[in-house]
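Next comes target35.txt, a file with compact mmCIF, C-alpha atoms and all ligand atoms.
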# COMPACT_ATOMS: atom_id res chain seq x y z
CA MET A 6 -10.02 -1.50 -19.43
CA PRO A 7 -6.37 -0.44 -19.55
CA ALA A 8 -3.88 -3.22 -18.84
CA PHE A 9 -2.45 -3.28 -15.35
CA ASP A 10 1.19 -2.20 -15.63
CA ILE A 11 2.66 -4.98 -13.53
CA ASP A 12 6.21 -4.26 -14.74
CA TRP A 13 5.98 -0.69 -13.47
CA VAL A 14 4.47 -1.91 -10.20
CA ARG A 15 7.22 -4.47 -9.59
CA ALA A 16 9.93 -1.99 -10.48
CA GLN A 17 8.77 0.18 -7.54
CA PHE A 18 9.47 -2.53 -4.93
CA PRO A 19 13.18 -3.28 -4.48
CA ALA A 20 12.51 -6.23 -2.15
CA LEU A 21 10.87 -8.11 -5.02
CA TRP A 22 14.19 -8.31 -6.84
CA GLN A 23 15.60 -10.73 -4.27
CA GLU A 24 16.53 -14.28 -5.18
CA VAL A 25 16.61 -17.50 -3.16
CA ASP A 26 19.14 -20.05 -4.45
CA GLY A 27 19.17 -18.44 -7.88
CA GLN A 28 15.38 -18.28 -8.23
CA PRO A 29 13.32 -15.08 -7.91
CA ALA A 30 11.70 -14.89 -4.47
CA VAL A 31 7.89 -15.12 -4.47
CA PHE A 32 6.25 -12.94 -1.82
CA PHE A 33 2.96 -14.61 -0.92
CA ASP A 34 3.26 -13.36 2.66
CA ALA A 35 1.41 -10.05 2.15
CA PRO A 36 -1.23 -10.48 4.88
CA GLY A 37 1.63 -10.66 7.39
CA GLY A 38 3.17 -7.49 5.95
CA THR A 39 3.66 -6.15 2.42
CA GLN A 40 6.84 -4.94 0.76
CA VAL A 41 7.42 -1.22 0.29
CA PRO A 42 8.10 0.93 -2.77
CA GLN A 43 11.46 2.69 -3.02
CA ARG A 44 9.79 6.05 -2.38
CA VAL A 45 8.76 4.86 1.10
CA ILE A 46 12.36 4.00 1.93
CA ASP A 47 13.48 7.37 0.53
CA ALA A 48 10.90 9.32 2.51
CA MET A 49 11.95 7.67 5.78
CA ARG A 50 15.65 8.20 5.07
CA ASP A 51 15.04 11.83 4.02
CA TYR A 52 13.08 12.50 7.19
CA LEU A 53 15.90 11.20 9.36
CA ALA A 54 18.56 13.01 7.33
CA GLY A 55 16.89 16.40 7.01
CA SER A 56 13.94 16.85 9.37
CA ASN A 57 14.57 14.68 12.41
CA SER A 58 13.28 16.56 15.43
CA ASN A 59 10.53 16.69 17.98
CA THR A 60 7.43 18.71 17.15
CA HIS A 61 6.21 22.28 17.72
CA GLY A 62 9.68 23.79 18.20
CA ALA A 63 10.88 27.23 17.06
CA PHE A 64 13.42 25.97 14.52
CA ILE A 65 13.44 24.62 11.01
CA THR A 66 13.69 20.84 11.48
CA SER A 67 10.88 20.96 14.03
CA ARG A 68 8.72 22.97 11.63
CA ARG A 69 9.49 20.47 8.90
CA SER A 70 8.47 17.68 11.24
CA ASP A 71 5.16 19.42 11.94
CA GLU A 72 4.55 19.71 8.20
CA ILE A 73 5.44 16.10 7.49
CA LEU A 74 3.17 14.78 10.24
CA ALA A 75 0.32 17.02 9.06
CA ALA A 76 0.83 15.74 5.51
CA ALA A 77 0.69 12.14 6.76
CA HIS A 78 -2.65 12.78 8.51
CA ALA A 79 -3.98 14.36 5.31
CA ALA A 80 -2.79 11.39 3.23
CA VAL A 81 -4.53 8.85 5.50
CA ALA A 82 -7.64 11.04 5.46
CA ASP A 83 -7.66 10.77 1.65
CA LEU A 84 -7.20 7.02 1.93
CA LEU A 85 -10.12 6.57 4.31
CA GLY A 86 -12.41 9.35 3.11
CA CYS A 87 -12.40 11.51 6.26
CA ASP A 88 -10.84 14.71 7.61
CA ALA A 89 -7.22 14.92 8.74
CA ASP A 90 -8.15 15.65 12.37
CA GLU A 91 -10.09 12.38 12.49
CA VAL A 92 -6.88 10.39 11.86
CA VAL A 93 -4.96 9.15 14.90
CA PHE A 94 -1.53 7.60 14.41
CA GLY A 95 -0.07 4.99 16.72
CA PRO A 96 2.47 2.18 16.77
CA ASN A 97 0.14 -0.44 15.26
CA MET A 98 -3.50 -1.52 15.17
CA THR A 99 -3.28 -3.59 18.33
CA THR A 100 -1.95 -0.76 20.51
CA LEU A 101 -4.43 1.75 19.10
CA THR A 102 -7.33 -0.63 19.70
CA PHE A 103 -6.32 -1.33 23.30
CA ALA A 104 -6.08 2.44 23.91
CA LEU A 105 -9.50 3.03 22.39
CA SER A 106 -11.20 0.12 24.15
CA ARG A 107 -9.83 1.35 27.49
CA ALA A 108 -11.21 4.82 26.82
CA ILE A 109 -14.61 3.46 25.73
CA GLY A 110 -14.66 1.05 28.68
CA ARG A 111 -14.31 3.95 31.13
CA GLU A 112 -17.95 4.74 30.47
CA PHE A 113 -19.24 1.17 30.80
CA GLN A 114 -21.77 0.05 33.36
CA PRO A 115 -21.67 -3.56 34.62
CA GLY A 116 -23.73 -5.72 32.26
CA ASP A 117 -22.94 -3.64 29.17
CA GLU A 118 -22.25 -5.90 26.22
CA LEU A 119 -19.91 -6.08 23.24
CA ILE A 120 -19.95 -8.25 20.14
CA VAL A 121 -16.83 -9.64 18.47
CA THR A 122 -16.56 -12.39 15.86
CA HIS A 123 -14.90 -15.77 15.49
CA LEU A 124 -13.59 -14.68 12.09
CA ASP A 125 -11.34 -11.98 13.48
CA HIS A 126 -7.70 -11.49 14.30
CA ASN A 127 -7.26 -11.52 18.08
CA ALA A 128 -6.29 -7.85 17.99
CA ASN A 129 -9.98 -7.16 17.37
CA ILE A 130 -11.03 -9.49 20.20
CA ALA A 131 -8.60 -9.18 23.13
CA PRO A 132 -8.93 -5.37 23.53
CA TRP A 133 -12.68 -5.90 23.90
CA THR A 134 -12.56 -8.97 26.14
CA ALA A 135 -10.21 -6.92 28.37
CA LEU A 136 -13.33 -4.97 29.33
CA GLU A 137 -14.71 -8.08 31.03
CA GLU A 138 -12.56 -6.87 33.96
CA ARG A 139 -15.03 -3.98 34.24
CA GLY A 140 -18.05 -6.28 34.22
CA ALA A 141 -18.73 -6.13 30.48
CA VAL A 142 -20.20 -9.16 28.74
CA VAL A 143 -18.58 -10.19 25.45
CA ARG A 144 -20.64 -12.10 22.88
CA TYR A 145 -19.23 -13.89 19.85
CA ALA A 146 -20.81 -13.90 16.41
CA ASP A 147 -20.25 -17.26 14.76
CA ILE A 148 -19.19 -18.19 11.22
CA HIS A 149 -20.44 -20.53 8.53
CA PRO A 150 -17.54 -23.03 8.63
CA GLU A 151 -18.24 -24.34 5.13
CA ASP A 152 -17.17 -21.06 3.47
CA CYS A 153 -15.73 -19.09 6.40
CA THR A 154 -18.25 -16.27 6.09
CA LEU A 155 -19.77 -14.48 9.03
CA ASN A 156 -23.10 -15.84 10.25
CA MET A 157 -25.14 -12.65 10.07
CA GLU A 158 -28.18 -14.27 11.64
CA ASP A 159 -26.09 -15.21 14.64
CA LEU A 160 -24.70 -11.68 14.85
CA LYS A 161 -28.24 -10.26 14.79
CA ARG A 162 -29.26 -12.67 17.56
CA GLN A 163 -26.45 -11.39 19.81
CA LEU A 164 -27.45 -7.73 19.37
CA ASN A 165 -29.68 -6.25 22.04
CA PRO A 166 -30.28 -2.93 23.79
CA ARG A 167 -27.33 -3.58 26.15
CA THR A 168 -24.86 -3.85 23.22
CA ARG A 169 -22.39 -0.94 23.39
CA VAL A 170 -19.84 -1.92 20.72
CA VAL A 171 -19.84 -4.21 17.70
CA ALA A 172 -16.23 -4.90 16.68
CA VAL A 173 -15.88 -6.54 13.31
CA GLY A 174 -13.22 -7.13 10.68
CA TYR A 175 -13.58 -5.61 7.23
CA ALA A 176 -11.81 -8.68 5.83
CA ALA A 177 -10.45 -11.81 7.54
CA ASN A 178 -6.66 -12.03 7.59
CA ALA A 179 -6.71 -15.84 7.77
CA VAL A 180 -9.10 -16.75 4.96
CA GLY A 181 -9.78 -13.53 3.04
CA THR A 182 -13.55 -13.22 3.66
CA ILE A 183 -14.86 -9.68 3.18
CA ASN A 184 -17.74 -8.89 5.53
CA ASP A 185 -20.80 -6.82 4.74
CA VAL A 186 -19.51 -4.05 6.95
CA ALA A 187 -22.06 -1.41 5.92
CA GLU A 188 -24.87 -3.75 6.97
CA ILE A 189 -23.14 -4.58 10.27
CA VAL A 190 -22.69 -0.86 11.03
CA ARG A 191 -26.37 -0.33 10.27
CA LEU A 192 -27.36 -3.16 12.61
CA ALA A 193 -25.05 -1.89 15.36
CA HIS A 194 -26.44 1.62 15.14
CA GLY A 195 -29.99 0.24 15.12
CA ALA A 196 -29.25 -1.27 18.54
CA GLY A 197 -27.63 1.94 19.78
CA ALA A 198 -24.09 0.48 19.68
CA LEU A 199 -20.82 1.86 18.31
CA ALA A 200 -19.36 0.13 15.24
CA PHE A 201 -15.61 -0.53 15.22
CA VAL A 202 -14.05 -1.86 12.01
CA ASP A 203 -10.67 -3.58 11.73
CA ALA A 204 -9.61 -2.80 8.16
CA VAL A 205 -6.03 -4.05 8.54
CA HIS A 206 -6.42 -6.93 6.12
CA TYR A 207 -8.77 -5.13 3.75
CA ALA A 208 -6.75 -1.92 3.24
CA PRO A 209 -4.22 -3.29 0.68
CA HIS A 210 -7.02 -4.74 -1.45
CA GLY A 211 -10.05 -2.48 -1.52
CA PRO A 212 -11.24 1.12 -1.19
CA ILE A 213 -12.38 2.39 2.18
CA ASP A 214 -14.99 5.09 2.66
CA VAL A 215 -15.65 5.66 6.34
CA ARG A 216 -18.40 8.19 5.63
CA ALA A 217 -20.29 5.80 3.37
CA LEU A 218 -19.84 2.99 5.91
CA ASP A 219 -20.86 5.38 8.70
CA CYS A 220 -18.64 3.39 11.09
CA ASP A 221 -17.64 5.08 14.34
CA PHE A 222 -14.05 3.84 14.25
CA LEU A 223 -11.88 2.10 11.69
CA VAL A 224 -8.30 1.04 12.08
CA CYS A 225 -5.57 -0.02 9.67
CA SER A 226 -1.83 -0.66 9.67
CA SER A 227 0.42 0.81 7.03
CA TYR A 228 2.82 -2.14 6.92
CA LYS A 229 -0.04 -4.10 5.37
CA PHE A 230 -0.57 -1.53 2.63
CA PHE A 231 2.95 -0.94 1.33
CA GLY A 232 4.16 1.38 4.08
CA PRO A 233 6.25 1.07 7.26
CA HIS A 234 5.25 -0.28 10.68
CA CYS A 235 2.74 2.33 11.78
CA GLY A 236 -0.95 2.12 12.70
CA ALA A 237 -3.75 4.59 11.97
CA LEU A 238 -7.20 4.93 13.52
CA TYR A 239 -10.15 6.84 12.13
CA GLY A 240 -12.69 8.06 14.65
CA LYS A 241 -15.74 10.21 14.09
CA ARG A 242 -14.78 13.65 15.34
CA GLU A 243 -17.64 13.72 17.87
CA HIS A 244 -16.28 10.53 19.52
CA LEU A 245 -12.64 11.60 19.46
CA GLU A 246 -13.61 14.88 21.11
CA ARG A 247 -16.03 13.43 23.67
CA LEU A 248 -14.31 10.23 24.86
CA ARG A 249 -11.50 10.60 27.37
CA PRO A 250 -8.23 8.96 26.29
CA TYR A 251 -5.53 8.14 28.82
CA LYS A 252 -3.02 10.93 28.22
CA VAL A 253 -0.30 12.98 29.85
CA ARG A 254 -1.31 16.41 31.17
CA PRO A 255 0.87 18.70 29.01
CA ALA A 256 -0.11 16.95 25.77
CA PRO A 257 -2.62 18.97 23.72
CA GLU A 258 -6.34 18.48 24.42
CA LYS A 259 -7.31 18.89 20.78
CA THR A 260 -8.09 16.02 18.42
CA PRO A 261 -6.24 14.01 17.20
CA ASP A 262 -3.24 14.99 19.40
CA ARG A 263 -4.99 13.94 22.63
CA TRP A 264 -5.09 10.35 21.30
CA GLU A 265 -1.51 10.26 20.00
CA THR A 266 0.18 9.31 23.25
CA GLY A 267 3.91 9.97 23.49
CA THR A 268 6.31 10.82 20.69
CA GLN A 269 5.16 9.39 17.41
CA ASN A 270 7.07 7.48 14.75
CA HIS A 271 7.88 10.52 12.60
CA GLU A 272 9.91 8.73 9.96
CA GLY A 273 7.18 6.09 9.87
CA GLN A 274 4.52 8.69 9.16
CA ALA A 275 6.71 10.14 6.39
CA GLY A 276 6.74 6.62 4.96
CA VAL A 277 2.96 6.22 5.28
CA ALA A 278 2.41 9.37 3.22
CA ALA A 279 4.82 8.05 0.58
CA ALA A 280 2.98 4.70 0.44
CA ILE A 281 -0.29 6.54 -0.15
CA ASP A 282 1.38 8.64 -2.84
CA TYR A 283 2.52 5.42 -4.49
CA LEU A 284 -1.09 4.20 -4.56
CA ALA A 285 -2.24 7.55 -5.95
CA GLU A 286 0.32 7.28 -8.74
CA LEU A 287 -0.91 3.77 -9.50
CA GLY A 288 -4.39 5.30 -9.81
CA ARG A 289 -3.15 8.04 -12.16
CA ARG A 290 -1.41 5.44 -14.30
CA SER A 291 -4.48 3.21 -14.48
CA GLY A 292 -6.01 5.49 -17.10
CA ARG A 293 -9.36 5.21 -15.39
CA LEU A 294 -9.91 8.86 -14.69
CA PRO A 295 -8.89 12.34 -15.76
CA ALA A 296 -6.38 13.84 -13.30
CA ALA A 297 -8.39 14.60 -10.17
CA SER A 298 -8.04 14.71 -6.41
CA ARG A 299 -5.74 12.30 -4.57
CA ARG A 300 -8.84 10.63 -3.14
CA ALA A 301 -10.15 9.99 -6.68
CA GLN A 302 -6.73 8.67 -7.72
CA LEU A 303 -6.72 6.29 -4.75
CA LEU A 304 -10.15 4.98 -5.64
CA ALA A 305 -8.95 4.41 -9.21
CA ALA A 306 -5.90 2.56 -7.86
CA TYR A 307 -8.09 0.23 -5.83
CA GLU A 308 -10.30 -0.45 -8.83
CA ALA A 309 -7.20 -1.44 -10.82
CA ILE A 310 -5.86 -3.51 -7.91
CA ARG A 311 -9.17 -5.31 -7.43
CA ASP A 312 -9.49 -6.26 -11.12
CA TYR A 313 -5.90 -7.47 -11.29
CA GLU A 314 -6.06 -9.39 -8.01
CA ARG A 315 -9.34 -11.00 -9.03
CA GLY A 316 -7.61 -12.51 -12.08
CA LEU A 317 -4.85 -13.88 -9.85
CA SER A 318 -7.40 -15.28 -7.37
CA VAL A 319 -9.26 -17.14 -10.11
CA ARG A 320 -6.06 -18.69 -11.38
CA LEU A 321 -4.86 -19.58 -7.90
CA ILE A 322 -8.09 -20.99 -6.50
CA GLU A 323 -9.02 -22.93 -9.64
CA GLY A 324 -5.54 -24.44 -9.60
CA LEU A 325 -5.64 -25.29 -5.90
CA LEU A 326 -9.04 -26.99 -6.15
CA LYS A 327 -7.62 -29.42 -8.73
CA ILE A 328 -4.87 -30.69 -6.41
CA PRO A 329 -5.82 -34.05 -4.86
CA GLY A 330 -5.82 -34.20 -1.08
CA LEU A 331 -6.04 -30.43 -0.69
CA ALA A 332 -8.63 -28.88 1.63
CA PHE A 333 -9.66 -25.31 0.89
CA TYR A 334 -11.05 -22.90 3.52
CA GLY A 335 -13.15 -19.92 2.44
CA VAL A 336 -15.12 -18.55 -0.50
CA ARG A 337 -14.20 -20.52 -3.63
CA GLU A 338 -16.72 -19.64 -6.39
CA PRO A 339 -15.43 -16.92 -8.76
CA ALA A 340 -18.94 -15.42 -8.93
CA ARG A 341 -18.58 -14.62 -5.20
CA PHE A 342 -15.07 -13.17 -5.35
CA ASP A 343 -16.32 -9.73 -4.35
CA GLN A 344 -16.66 -11.42 -0.93
CA ARG A 345 -12.96 -12.21 -0.66
CA THR A 346 -9.46 -10.81 -0.89
CA PRO A 347 -6.72 -12.80 -2.68
CA THR A 348 -5.75 -14.40 0.65
CA VAL A 349 -6.43 -18.13 0.70
CA ALA A 350 -6.02 -20.84 3.31
CA ILE A 351 -5.47 -24.52 2.66
CA ARG A 352 -4.35 -27.77 4.22
CA MET A 353 -2.97 -30.85 2.53
CA GLU A 354 -3.53 -34.43 3.56
CA GLY A 355 -0.48 -36.00 5.20
CA ARG A 356 1.40 -32.70 5.67
CA THR A 357 1.27 -30.12 8.43
CA PRO A 358 0.92 -26.49 7.34
CA ARG A 359 4.45 -25.94 8.70
CA GLU A 360 5.85 -28.71 6.49
CA LEU A 361 4.16 -27.13 3.47
CA ALA A 362 5.49 -23.66 4.35
CA GLU A 363 8.98 -25.09 4.82
CA TYR A 364 8.85 -26.93 1.54
CA LEU A 365 7.70 -23.82 -0.31
CA GLY A 366 10.10 -21.56 1.62
CA GLY A 367 12.95 -23.81 0.55
CA ARG A 368 11.92 -23.12 -3.05
CA GLY A 369 11.82 -19.35 -2.57
CA ILE A 370 8.03 -19.14 -2.11
CA PHE A 371 7.07 -17.28 1.08
CA THR A 372 3.80 -18.32 2.74
CA TRP A 373 2.61 -18.34 6.34
CA ASP A 374 1.49 -21.25 8.45
CA GLY A 375 -0.34 -21.42 11.79
CA ASN A 376 -3.17 -19.21 13.04
CA TYR A 377 -1.73 -15.74 12.27
CA TYR A 378 -3.46 -14.68 15.51
CA ALA A 379 -6.90 -15.52 14.09
CA ILE A 380 -6.97 -18.18 16.77
CA ASN A 381 -10.74 -18.20 17.33
CA LEU A 382 -11.11 -19.14 13.68
CA THR A 383 -8.54 -21.96 13.65
CA GLU A 384 -10.13 -23.32 16.83
CA ARG A 385 -13.63 -23.04 15.35
CA LEU A 386 -12.46 -24.86 12.21
CA GLY A 387 -10.86 -27.57 14.36
CA VAL A 388 -7.37 -27.12 12.91
CA GLU A 389 -5.58 -25.27 15.71
CA ALA A 390 -4.21 -28.38 17.42
CA SER A 391 -2.78 -29.72 14.17
CA GLY A 392 -0.84 -26.68 13.01
CA GLY A 393 -3.55 -24.35 11.74
CA LEU A 394 -3.62 -23.47 8.06
CA LEU A 395 -1.26 -22.62 5.23
CA ARG A 396 -1.96 -19.07 4.08
CA ILE A 397 -1.13 -17.94 0.57
CA GLY A 398 -1.57 -14.18 0.56
CA LEU A 399 -1.29 -12.30 -2.69
CA ALA A 400 -0.84 -8.61 -3.33
CA HIS A 401 -1.09 -6.61 -6.56
CA TYR A 402 2.69 -6.92 -7.04
CA ASN A 403 2.39 -10.68 -7.56
CA THR A 404 2.13 -12.30 -10.98
CA ALA A 405 0.36 -15.17 -12.74
CA GLY A 406 3.78 -16.78 -13.24
CA GLU A 407 4.32 -16.79 -9.48
CA VAL A 408 0.92 -18.40 -8.94
CA ASP A 409 1.87 -21.11 -11.44
CA ARG A 410 5.15 -21.72 -9.61
CA LEU A 411 3.30 -22.21 -6.34
CA LEU A 412 0.75 -24.56 -7.91
CA ALA A 413 3.50 -26.64 -9.52
CA ALA A 414 5.36 -26.92 -6.20
CA LEU A 415 2.21 -27.94 -4.33
CA LYS A 416 1.45 -30.58 -6.95
CA VAL A 417 4.91 -32.06 -6.48
CA ILE A 418 4.64 -32.23 -2.70
CA GLY A 419 1.08 -33.56 -3.07
CA ARG A 420 2.38 -36.45 -5.20
CA LYS A 421 5.00 -37.31 -2.57
CA ASN A 422 2.27 -38.15 -0.06
C1 LIG B 1 -6.91 -8.38 10.36
C2 LIG B 1 -5.82 -7.93 11.28
N1 LIG B 1 -6.15 -7.18 12.33
C3 LIG B 1 -5.23 -6.74 13.20
C4 LIG B 1 -3.90 -7.06 13.05
C5 LIG B 1 -2.92 -6.53 14.05
O1 LIG B 1 -2.30 -5.43 13.47
P1 LIG B 1 -0.98 -4.78 14.09
O2 LIG B 1 0.15 -5.71 13.77
O3 LIG B 1 -0.87 -3.48 13.39
O4 LIG B 1 -1.19 -4.63 15.54
C6 LIG B 1 -3.50 -7.84 11.98
C7 LIG B 1 -2.10 -8.25 11.82
O5 LIG B 1 -1.80 -9.25 11.23
C8 LIG B 1 -4.49 -8.28 11.06
O6 LIG B 1 -4.16 -9.03 10.00
Using C-alpha cells, write down the structure from this file.
Ligand SMILES: Cc1ncc(COP(=O)(O)O)c(C=O)c1O
Amino acid sequence: MPAFDIDWVRAQFPALWQEVDGQPAVFFDAPGGTQVPQRVIDAMRDYLAGSNSNTHGAFITSRRSDEILAAAHAAVADLLGCDADEVVFGPNMTTLTFALSRAIGREFQPGDELIVTHLDHNANIAPWTALEERGAVVRYADIHPEDCTLNMEDLKRQLNPRTRVVAVGYAANAVGTINDVAEIVRLAHGAGALAFVDAVHYAPHGPIDVRALDCDFLVCSSYKFFGPHCGALYGKREHLERLRPYKVRPAPEKTPDRWETGTQNHEGQAGVAAAIDYLAELGRRSGRLPAASRRAQLLAAYEAIRDYERGLSVRLIEGLLKIPGLAFYGVREPARFDQRTPTVAIRMEGRTPRELAEYLGGRGIFTWDGNYYAINLTERLGVEASGGLLRIGLAHYNTAGEVDRLLAALKVIGRKN
C-alpha cells in the first residue's frame, strides 16, 4: 500500500498551523466540526468576489451562480453515489431533517409508528418525536451498553406493520460505533417502512453508497467533512417527487428545488464542492487507482483515510486502555475496528469530563466534553448527570505524534488523582 502523505494533507489545512502557548494546536474536535482545506476558503471567497448573485437571472453573475450550485449538487452526488437531482441542500442536517419529517408526517395516520435509537444524536430523534403531535408512536431501539453498539434484536422487536420510518445513524457521534446500516435498511423495507440514515458522523471517515444501501434518505453536513456549514440530504427521486414539502408558491416544483426552501448558502455550496474536490485529489494521490471518475477517486480517498485512521485508532485506544482509572466507552478490540470511527469516549476517575477537556485545552489539545447532543446515549450510560463523556475525535489530518501528546497529558492528570 502506498504511504499516506500526511505532510501533504496537513499542508492543505491552514488552521492546523495554529499554536497555543508556543505548542502546535492538536485538533481532536473533528466530530464537532472539521477544519477546511485552503481551497474551500478560496472557493467561498471567489464566489463572493466574482459570482455573488441570486439564481436564474439574465446576467453573468447569476448564470455563474447557477453553474456553481449545479456543480455542488453534482459533487455531493459523486460523494453519495446518486444523481444530482436527488441532492437537496439546506442549512444543516437538523433543519433538513425537521423539514423532511414534517413532510413525511403529513401523510401519517394516528397510530403510525417510527423507530429511532438511543445511540443517536438528538437531531435524528427530535424531528421524529415531533410527529407525536400528529398521533405517531415513537419507539426506541436500545444499545448494548458494554460496547455501545446497537441492539439489533431490540430493533427487530420494535418493527411491525405499523412502522412507517426507521431513523438510524450511520455512525454514532458520541462513541464512534458504525451501525450495520444495510441490514437496518433491509429490515425497515421488510416491514414496509422508509429508512432514513444520519451519515453526519460517518461522512468524514468512510465511503457512502446510497444505492448499495438502498436507503430512502441519507443526510450529512459538510462542516463535518472538511467543508463549510452546509447540510445535504439525499432522497430517492420517487420520494422527493411524491412527498409534499412545505414551500412557497413561486418556487419551482421540480426536484430538488422544491425542497430547497428560501435562498441557499451559495458561497457555502461553492465550498462544499471544493471540499469534495480536495477528497478526490487525496484519492488521486493515494496511488490506489488509475485516473478515473471523481466517484472512483473519492472511494480511493476513503480507503486511504480508513487505513490511516485505523492505525491512529489502534495507537490511541491501546494507549488509553493502559491508563489507570480510565473508563472507555465503545468498541475497543482492534479486530472489530471496522465497527468504529476514530472517535472515542472516555471518563477518568476523580475528574469530570469538563475538567479533563479544560486540562487538555490548556495544553493546546482540543477535545469535547458533555453529551454532544447524543443525550439519549449519555442518559442510557448513566453519565449525563455527572458531565457526560470526554470525546477524542480524530480525523485523517491528525498524527501519531499528536496521539502520543494526548496520551502523555492524560497520564499526567491521571497521576494527579
Ligand atoms: C451524528 C450527528 N447527527 C446530526 C448532527 C447535527 O448536524 P447539524 O449540525 O448539521 O444540524 C450532528 C452534529 O453534531 C451529528 O454529529
Box time for segment 311-324 of chain A: axis-aligned, enclosing all its listed atoms, 6 Å extra on each side; report centre and edge lengths in Å to one decimal, as lines of an AutoDock Vina configuration file.
center_x = -7.2
center_y = -14.9
center_z = -9.3
size_x = 16.6
size_y = 31.1
size_z = 17.6
- Task: Can you tell me which residues come within 10 Å of ligand LIG 1 (chain B) when counting all atoms listed in the file, ideally as number ranges by chain?
- Result: A: 35-38, 95-103, 124-130, 173-179, 181, 202-208, 224-229, 234-237, 377-379
Counting only C-alpha atoms, closest pick from A:Gly316, A:Gly267, A:Pro209, A:Pro150 relative to Val253 of chain A is A:Gly267
Neighbouring residues of Asp374 of chain A were defined as those with any atom within 8 Å, considering only C-alpha atoms; residues of the same chain fewer than 6 positions away were excluded. Please report them as an mmCIF file with C-alpha atoms, in the coordinates of the input.
data_model
loop_
_atom_site.group_PDB
_atom_site.id
_atom_site.type_symbol
_atom_site.label_atom_id
_atom_site.label_comp_id
_atom_site.auth_asym_id
_atom_site.auth_seq_id
_atom_site.Cartn_x
_atom_site.Cartn_y
_atom_site.Cartn_z
ATOM 1 C CA PRO A 358 0.920 -26.490 7.340
ATOM 2 C CA ARG A 359 4.450 -25.940 8.700
ATOM 3 C CA ALA A 362 5.490 -23.660 4.350
ATOM 4 C CA GLY A 392 -0.840 -26.680 13.010
ATOM 5 C CA GLY A 393 -3.550 -24.350 11.740
ATOM 6 C CA LEU A 394 -3.620 -23.470 8.060
ATOM 7 C CA LEU A 395 -1.260 -22.620 5.230
ATOM 8 C CA ARG A 396 -1.960 -19.070 4.080
#
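One finds atom CA of Arg15 of chain A at 20.2 Å from atom CA of Leu304 of chain A.
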Taken to one decimal, the atom CA of Asn403 of chain A-atom CA of Thr372 of chain A distance is 12.9 Å
Using all atoms listed in the file, the residue out of A:Pro233, A:Arg352, A:Ile148, A:Asp10 with shortest distance to Gln274 of chain A is A:Pro233
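Among A:Gln43, A:Asn184, A:Gln28, A:Ser56, the residue with the shortest atom-to-atom distance to Tyr283 of chain A, counting only C-alpha atoms, is A:Gln43.
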message: Show me the residues close to (-2.8, 10.3, 20.6) - anything with an atom within 9 Å, counting all atoms listed in the file - and format the list as an NGL selection string.
response: :A and (93-95 or 101 or 250-252 or 256 or 260-267 or 269)
Requested write-out: C-alpha atoms of the selected residues, as a short mmCIF file (atom, residue, chain, number, x, y, z; two decimals), in the coordinates of the input:
data_model
loop_
_atom_site.label_atom_id
_atom_site.label_comp_id
_atom_site.auth_asym_id
_atom_site.auth_seq_id
_atom_site.Cartn_x
_atom_site.Cartn_y
_atom_site.Cartn_z
CA VAL A 93 -4.96 9.15 14.90
CA PHE A 94 -1.53 7.60 14.41
CA GLY A 95 -0.07 4.99 16.72
CA LEU A 101 -4.43 1.75 19.10
CA PRO A 250 -8.23 8.96 26.29
CA TYR A 251 -5.53 8.14 28.82
CA LYS A 252 -3.02 10.93 28.22
CA ALA A 256 -0.11 16.95 25.77
CA THR A 260 -8.09 16.02 18.42
CA PRO A 261 -6.24 14.01 17.20
CA ASP A 262 -3.24 14.99 19.40
CA ARG A 263 -4.99 13.94 22.63
CA TRP A 264 -5.09 10.35 21.30
CA GLU A 265 -1.51 10.26 20.00
CA THR A 266 0.18 9.31 23.25
CA GLY A 267 3.91 9.97 23.49
CA GLN A 269 5.16 9.39 17.41
#
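In this model, the gap between atom CA of Leu223 of chain A and atom CA of Tyr239 of chain A comes to 5.1 Å.
For the set A:Arg341, A:Arg290, A:Lys259, A:Lys241, the residue with the smallest atom-to-atom gap to Val215 of chain A is A:Lys241, counting only C-alpha atoms.
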Between A:Gly330, A:Gly419, A:Pro339, A:Gly197, smallest distance to Val170 of chain A by only C-alpha atoms belongs to A:Gly197
### Contacts of segment 210-213 of chain A within 9 Å, all atoms listed in the file, excl. fewer than 5 positions in-chain, as a ChimeraX atom specification
/A:84-86,204,218,230,303-308,310-311,314,346-347,400-401
I need the residues from that last selection saved to file as a PDB file, in the frame of the given file (with C-alpha atoms), if you can.
ATOM      1  CA  LEU A  84      -7.200   7.020   1.930  1.00  0.00           C
ATOM      2  CA  LEU A  85     -10.120   6.570   4.310  1.00  0.00           C
ATOM      3  CA  GLY A  86     -12.410   9.350   3.110  1.00  0.00           C
ATOM      4  CA  ALA A 204      -9.610  -2.800   8.160  1.00  0.00           C
ATOM      5  CA  LEU A 218     -19.840   2.990   5.910  1.00  0.00           C
ATOM      6  CA  PHE A 230      -0.570  -1.530   2.630  1.00  0.00           C
ATOM      7  CA  LEU A 303      -6.720   6.290  -4.750  1.00  0.00           C
ATOM      8  CA  LEU A 304     -10.150   4.980  -5.640  1.00  0.00           C
ATOM      9  CA  ALA A 305      -8.950   4.410  -9.210  1.00  0.00           C
ATOM     10  CA  ALA A 306      -5.900   2.560  -7.860  1.00  0.00           C
ATOM     11  CA  TYR A 307      -8.090   0.230  -5.830  1.00  0.00           C
ATOM     12  CA  GLU A 308     -10.300  -0.450  -8.830  1.00  0.00           C
ATOM     13  CA  ILE A 310      -5.860  -3.510  -7.910  1.00  0.00           C
ATOM     14  CA  ARG A 311      -9.170  -5.310  -7.430  1.00  0.00           C
ATOM     15  CA  GLU A 314      -6.060  -9.390  -8.010  1.00  0.00           C
ATOM     16  CA  THR A 346      -9.460 -10.810  -0.890  1.00  0.00           C
ATOM     17  CA  PRO A 347      -6.720 -12.800  -2.680  1.00  0.00           C
ATOM     18  CA  ALA A 400      -0.840  -8.610  -3.330  1.00  0.00           C
ATOM     19  CA  HIS A 401      -1.090  -6.610  -6.560  1.00  0.00           C
TER      20      HIS A 401
END
Among A:Met157, A:Ala278, A:Val388, A:Ala131, Val45 of chain A is approached most closely, using all atoms listed in the file, by A:Ala278
*Near Val417 of chain A, within 12 Å and counting all atoms listed in the file, which residues show up once chain neighbours fewer than 5 positions away are dropped, as a PyMOL selection string?*
chain A and resi 328-329+361+364-365+368+410-412+422
- Shell of 7 Å around segment 70-78 of chain A, only C-alpha atoms, local chain residues under 6 positions omitted, as JSON, numbers by chain: {"A": [56, 57, 58, 60, 61, 89, 92, 271, 274, 275, 277, 278]}
